[in-house]
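The structure appears right after this line, and notes come after that.
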Amino acid sequence: MKTKIISVIAYIILAPIIGGLLDGIDRKISARMQRRVGPPLLQPFYDLGKLFNKQVIVVRSSQSFLLLCYLIFMIITGAMLYAGVDLLMCMFVLSTAAMFLYFAACVTSSPYSTIGASRELIQIMAYEPAVLLTCVGFYLVSGSFEVSDIAFGKFSDIIYLPGVFLAYIFILTIKMRKSPFDISTSHHPNQEIVKGITSEMGARNLAFFTLTEWYENVFLLSVLALFITNRSPVSFLAAVIVILVVYFLEILIDNCSARIKYFDMVKLAWAVTVVLAGSNIWILMLVKQNIVN
Amino acid sequence: MYNIKRSPWVLHYDGSSCNGCDIEVLACLTPVYDAERFGIVNTGDPMQADILLITGGINSQNAAVVKQLYEQMPRPKVVAAIGVCACTGGVFKDCYNILGGVDKVIPVDVYVPGCAARPQAIIDGIVKACDIFQQRLAEHEQMIKKNKTAKEG
Ligand code: SF4
């Protein structure tokens with residue numbers, strides 16, 4: 001019980017720091033890939049600090065409330081994961097958080113953020129099946145949805161779930177809004193929908209959004225770690241390495257691809273989900289009916 | 001006071017220009033000149049911008065637009081006029097529709113001369129604007145304090 005409380009508190013405090021650092025590394029590596037010097041590693045924190053120091057402008061007062069809910073629900077999602085409770089429940093709370101973001105973008109009457117919001121819904125539609133299949137896969141292997149059972153199994157779940165693992169990495173690109181799936185918003189300027197879902201967000205609201213993104217990224221990468229970890233402490237080290245490698249891959253893909261049309265994204269995401277995750281789970285059900293990890 | 005100099009986000013507006021200066025502004029952000037090493041990010045949203053870069057002069061049609069963009073930006077904010085057109089009206093000065101430089105409608109803090117302004121000069125101008133940006137934060141905070149005491153008193 002004690003360790004659970006400690007890990008939840010550690011998540012709440014450390015996640016924004018780790019998320020911000022990952023963001024900084026992302027910008028630095030991206031710059032180096034384009035042969036630039038790039039911003040300092042701590043640039044995301046400077047940006048966040050500045051955003052909190054600017055004049056507060058709100059288009060609709062409800063937007064601040066909705067974004068605050070988005071942040072709080074995201075923190076709850078991660079806290080639930082680190083408390084070791086039901087993974088399926090975590091994912092449901094995550095979807096609830098995403099809904100708050102959708103509404104926060106909808107309340108402004110800006111056409112850009114409205115387009116961004118509806119595209120965000122399409123993104124949710126694209127990745128949600130794979131998220132659910134990931135949970136199902138974990139259940140088949142460890143016989144439980146509890147995160148504590150999944151994380152501390154006898155062996156790493158990836159042995160039985162290679163396809164699900166790949167599908168999860170694929171939807172991670174959509175979830176992190178990286179190219180080619182930066183459909184609802186973009187980290188780069190001068191695109192046809194300006195800033196998409198984040199346009200018309202005043203400085204302080206954008207700060208909340210950024211903070212939530214950092215929490216979300218840490219949560220998503222933690223779920224990735226569930227594939228690797230088992231009882232031995234060495235596996236946790238391996239998980240960290242896998243996370244860094246996957247994150248680097250995401251940056252690489254982001255830098256060498258252009259955005260695709262939303263419909264292609266949905267088709268591609270579902271095809272990958274069905275082929276990789278679906279067949280993986282199907283085979284698992286056929287071959288090993290009751291593996292208990 | 002927080003050091004906000006390290007994170008200037010710019011909003012680029014193209015007034016009545018020949019497009020020469022716009023291309024130079026965008027050149028600043030390309031890998032060759034790499035403005036991002038100062039934390040400069042080009043944003044499309046005035047509500048998230050700190051420095052307004054305007055190229056080209058003001059004509060009767062865009063005067064209202066420039067004013068609105070300026071008003072939508074949250075304090076502290078800085079305006080930089082890029083190129084002689086934005087400074088004074090430049091070669092288009094005597095055209096029937098040109099009102100003049102950007103300072104005809106909004107207060108300008110930094111004037112970057114040149115036709116077209118060189119990327120080096122533009123980055124230099126933005127770095128100058130960053131210092132002003134920091135000063136503006138102090139003014140902004142004082143203003144908040146004053147309003148608070150006025151409300152309490
Ligand atoms: S200053 Fe020269 S290059 Fe720049 S917009 Fe005016 S005419 Fe074009």
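Chain labels follow the order of the structure tokens: the first chain is A, the next B, and so on; residue numbering restarts at 1 in every chain, and ligands are counted from 1 in their shown order.
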Practice task
Counting only C-alpha atoms and all ligand atoms, name the residues that have an atom within 12 Å of an atom of ligand 1; the answer should be given as a ChimeraX atom specification.
Solution key: /B:13-25,54-58,81-93,100-101,111-119,122
Go ahead and write the selection's residues with C-alpha atoms as a CSV table (one decimal), in the first residue's frame.
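Output (result.csv):
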```
chain,number,residue,atom,x,y,z
B,13,TYR,CA,1.8,39.3,-40.6
B,14,ASP,CA,2.3,40.3,-44.2
B,15,GLY,CA,1.0,43.7,-44.9
B,16,SER,CA,1.2,45.5,-48.2
B,17,SER,CA,4.6,44.1,-49.1
B,18,CYS,CA,6.3,42.8,-52.2
B,19,ASN,CA,6.8,39.5,-50.4
B,20,GLY,CA,10.6,39.9,-50.3
B,21,CYS,CA,10.7,40.5,-46.6
B,22,ASP,CA,8.3,37.7,-45.9
B,23,ILE,CA,10.6,35.2,-47.5
B,24,GLU,CA,13.4,36.6,-45.5
B,25,VAL,CA,11.4,36.2,-42.2
B,54,ILE,CA,5.0,43.0,-39.6
B,55,THR,CA,6.4,43.2,-43.1
B,56,GLY,CA,5.1,45.6,-45.7
B,57,GLY,CA,3.2,48.9,-45.3
B,58,ILE,CA,-0.3,49.7,-44.1
B,81,ALA,CA,8.5,46.4,-38.2
B,82,ILE,CA,10.6,44.4,-40.8
B,83,GLY,CA,11.8,46.2,-43.9
B,84,VAL,CA,11.5,49.8,-45.0
B,85,CYS,CA,8.0,49.3,-46.2
B,86,ALA,CA,6.9,48.4,-42.7
B,87,CYS,CA,9.1,51.2,-41.2
B,88,THR,CA,7.9,54.1,-43.4
B,89,GLY,CA,6.0,52.8,-46.4
B,90,GLY,CA,9.2,52.4,-48.4
B,91,VAL,CA,9.0,52.3,-52.2
B,92,PHE,CA,5.2,52.1,-52.0
B,93,LYS,CA,4.9,55.2,-49.9
B,100,GLY,CA,2.5,54.6,-44.4
B,101,GLY,CA,4.5,52.5,-42.0
B,111,TYR,CA,12.5,49.0,-36.7
B,112,VAL,CA,14.5,46.7,-38.9
B,113,PRO,CA,15.6,48.5,-42.0
B,114,GLY,CA,16.6,46.9,-45.3
B,115,CYS,CA,15.0,46.2,-48.7
B,116,ALA,CA,14.7,43.3,-48.2
B,117,ALA,CA,15.8,43.1,-44.5
B,118,ARG,CA,18.5,40.5,-44.2
B,119,PRO,CA,17.8,37.4,-42.0
B,122,ILE,CA,15.8,40.3,-38.6
```
Handout entry: chain B contacts to chain A at 12 Å (only C-alpha atoms) as a ChimeraX atom specification
Key = /B:1-13,26,28-50,71-77,133-134,136-141,143-144
Please dump the current selection as an mmCIF file, in the first residue's frame; keep C-alpha atoms.
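Final file, result-v3.cif:
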```cif
data_model
loop_
_atom_site.group_PDB
_atom_site.id
_atom_site.type_symbol
_atom_site.label_atom_id
_atom_site.label_comp_id
_atom_site.auth_asym_id
_atom_site.auth_seq_id
_atom_site.Cartn_x
_atom_site.Cartn_y
_atom_site.Cartn_z
ATOM 1 C CA MET B 1 10.838 38.348 -12.020
ATOM 2 C CA TYR B 2 10.671 35.459 -14.433
ATOM 3 C CA ASN B 3 13.069 35.507 -17.365
ATOM 4 C CA ILE B 4 10.711 35.434 -20.332
ATOM 5 C CA LYS B 5 13.389 36.558 -22.788
ATOM 6 C CA ARG B 6 14.228 32.959 -23.527
ATOM 7 C CA SER B 7 10.914 32.147 -25.103
ATOM 8 C CA PRO B 8 9.790 34.715 -27.685
ATOM 9 C CA TRP B 9 7.029 33.391 -29.902
ATOM 10 C CA VAL B 10 6.520 35.410 -33.025
ATOM 11 C CA LEU B 11 3.456 36.100 -35.109
ATOM 12 C CA HIS B 12 4.181 37.057 -38.669
ATOM 13 C CA TYR B 13 1.800 39.317 -40.566
ATOM 14 C CA LEU B 26 10.699 32.623 -43.098
ATOM 15 C CA CYS B 28 15.222 33.037 -40.424
ATOM 16 C CA LEU B 29 13.330 29.979 -39.264
ATOM 17 C CA THR B 30 14.963 27.596 -41.725
ATOM 18 C CA PRO B 31 17.872 25.377 -40.717
ATOM 19 C CA VAL B 32 20.412 27.829 -42.174
ATOM 20 C CA TYR B 33 19.697 30.666 -39.742
ATOM 21 C CA ASP B 34 17.963 28.552 -37.100
ATOM 22 C CA ALA B 35 16.121 31.153 -35.059
ATOM 23 C CA GLU B 36 14.830 28.377 -32.795
ATOM 24 C CA ARG B 37 18.150 28.332 -30.964
ATOM 25 C CA PHE B 38 16.953 31.503 -29.190
ATOM 26 C CA GLY B 39 13.664 29.812 -28.403
ATOM 27 C CA ILE B 40 11.939 31.666 -31.228
ATOM 28 C CA VAL B 41 8.886 29.813 -32.440
ATOM 29 C CA ASN B 42 6.653 30.947 -35.261
ATOM 30 C CA THR B 43 3.062 30.675 -34.127
ATOM 31 C CA GLY B 44 -0.032 31.341 -36.166
ATOM 32 C CA ASP B 45 -2.209 32.352 -33.258
ATOM 33 C CA PRO B 46 -2.132 35.972 -31.981
ATOM 34 C CA MET B 47 -3.408 34.850 -28.594
ATOM 35 C CA GLN B 48 -0.228 32.878 -28.029
ATOM 36 C CA ALA B 49 2.221 35.307 -29.619
ATOM 37 C CA ASP B 50 4.687 37.638 -27.919
ATOM 38 C CA GLU B 71 -5.274 43.860 -29.663
ATOM 39 C CA GLN B 72 -5.688 40.088 -29.577
ATOM 40 C CA MET B 73 -2.151 39.583 -28.331
ATOM 41 C CA PRO B 74 -1.885 39.250 -24.545
ATOM 42 C CA ARG B 75 0.426 41.613 -22.654
ATOM 43 C CA PRO B 76 3.469 41.776 -22.505
ATOM 44 C CA LYS B 77 3.825 42.223 -26.262
ATOM 45 C CA PHE B 133 9.675 42.084 -24.017
ATOM 46 C CA GLN B 134 11.322 41.549 -20.626
ATOM 47 C CA ARG B 136 7.171 44.963 -20.696
ATOM 48 C CA LEU B 137 6.688 42.105 -18.255
ATOM 49 C CA ALA B 138 7.838 44.383 -15.431
ATOM 50 C CA GLU B 139 5.391 47.045 -16.592
ATOM 51 C CA HIS B 140 2.654 44.448 -16.902
ATOM 52 C CA GLU B 141 3.226 43.184 -13.370
ATOM 53 C CA MET B 143 -0.045 47.354 -13.752
ATOM 54 C CA ILE B 144 -1.614 44.265 -12.176
#
```
Exercise for the section: Check the DSSP output for the backbone and give back, as a ChimeraX atom specification, the residues of segment 30-145 of chain B in helix (DSSP H, G or I). Expected result: /B:35-38,46-48,63-72,83-88,90-92,102-104,119-145
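Residues within 12 Å of Ser95 of chain A, counting only C-alpha atoms and excluding same-chain residues fewer than 4 positions away, are Tyr70, Phe73, Met74, Ile76, Thr77, Leu88, Met89, Cys90, Met91, Met99, Phe100, Leu101, Tyr102, Glu120, Leu121, Gln123, Ile124, Met125, Tyr127, Glu128, Val131, Leu132, Lys175 and Glu216 of chain A.
When atom CA of Leu71 of chain A is paired with atom CA of Cys106 of chain A, their separation reads 16.8 Å.
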Handout entry: Distance criterion (only C-alpha atoms): nearest to Val110 of chain B out of B:Ala80, B:Ile126, B:Cys95, B:Ile51
Key = B:Ala80
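For the residues A:Ala151, A:Cys256, A:Leu221, A:Ile72, ranking by smallest atom-to-atom distance to Tyr139 of chain A using only C-alpha atoms places A:Ala151 first.
Going from atom CA of Ala83 of chain A over to atom CA of Lys4 of chain A, you cover 5.1 Å.
Distance-wise, atom CA of Thr134 of chain A and atom CA of Ser148 of chain A end up 15.8 Å apart.
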Practice task
Please provide the set of residues having any atom within 9 Å of Trp270 of chain A, restricted to only C-alpha atoms, with same-chain residues fewer than 2 positions apart removed, written as a list in words.
Solution key: Ala126, Tyr127, Pro129, Ala130, Met265, Val266, Lys267, Leu268, Val272, Thr273, Val274 and Val275 of chain A
Gly116 of chain A environment, 6 Å, only C-alpha atoms, sequence neighbours closer than 2 positions dropped, as an mmCIF file with N, CA, C and O atoms, in the first residue's frame:
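Once everything was written out, this is part-v9.cif:
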```cif
data_model
loop_
_atom_site.group_PDB
_atom_site.id
_atom_site.type_symbol
_atom_site.label_atom_id
_atom_site.label_comp_id
_atom_site.auth_asym_id
_atom_site.auth_seq_id
_atom_site.Cartn_x
_atom_site.Cartn_y
_atom_site.Cartn_z
ATOM 1 N N SER A 113 -10.246 25.945 -34.469
ATOM 2 C CA SER A 113 -10.252 25.015 -33.339
ATOM 3 C C SER A 113 -11.411 24.038 -33.467
ATOM 4 O O SER A 113 -11.317 22.901 -33.011
ATOM 5 N N THR A 114 -12.495 24.458 -34.128
ATOM 6 C CA THR A 114 -13.610 23.524 -34.325
ATOM 7 C C THR A 114 -13.205 22.396 -35.270
ATOM 8 O O THR A 114 -13.499 21.229 -35.015
ATOM 9 N N SER A 118 -12.961 18.396 -34.304
ATOM 10 C CA SER A 118 -13.596 17.246 -34.952
ATOM 11 C C SER A 118 -12.538 16.266 -35.464
ATOM 12 O O SER A 118 -12.754 15.061 -35.468
ATOM 13 N N ARG A 119 -11.382 16.810 -35.837
ATOM 14 C CA ARG A 119 -10.313 15.894 -36.243
ATOM 15 C C ARG A 119 -9.769 15.102 -35.064
ATOM 16 O O ARG A 119 -9.342 13.960 -35.211
ATOM 17 N N SER A 184 -4.989 16.849 -35.848
ATOM 18 C CA SER A 184 -5.829 17.805 -35.123
ATOM 19 C C SER A 184 -5.064 19.055 -34.722
ATOM 20 O O SER A 184 -5.627 20.125 -34.629
ATOM 21 N N GLY A 196 -4.879 24.380 -35.131
ATOM 22 C CA GLY A 196 -5.868 23.328 -34.924
ATOM 23 C C GLY A 196 -6.545 23.452 -33.577
ATOM 24 O O GLY A 196 -7.017 24.525 -33.201
ATOM 25 N N ILE A 197 -6.547 22.356 -32.854
ATOM 26 C CA ILE A 197 -7.322 22.291 -31.615
ATOM 27 C C ILE A 197 -6.823 23.293 -30.568
ATOM 28 O O ILE A 197 -7.573 23.718 -29.696
#
```
Exercise for the section: Using DSSP on the backbone coordinates, identify the residues of segment 3-150 of chain B assigned to strand (DSSP E); present them as a ChimeraX atom specification. Expected result: /B:9-14,41-42,51-55,58-59,78-82,98-100,110-112
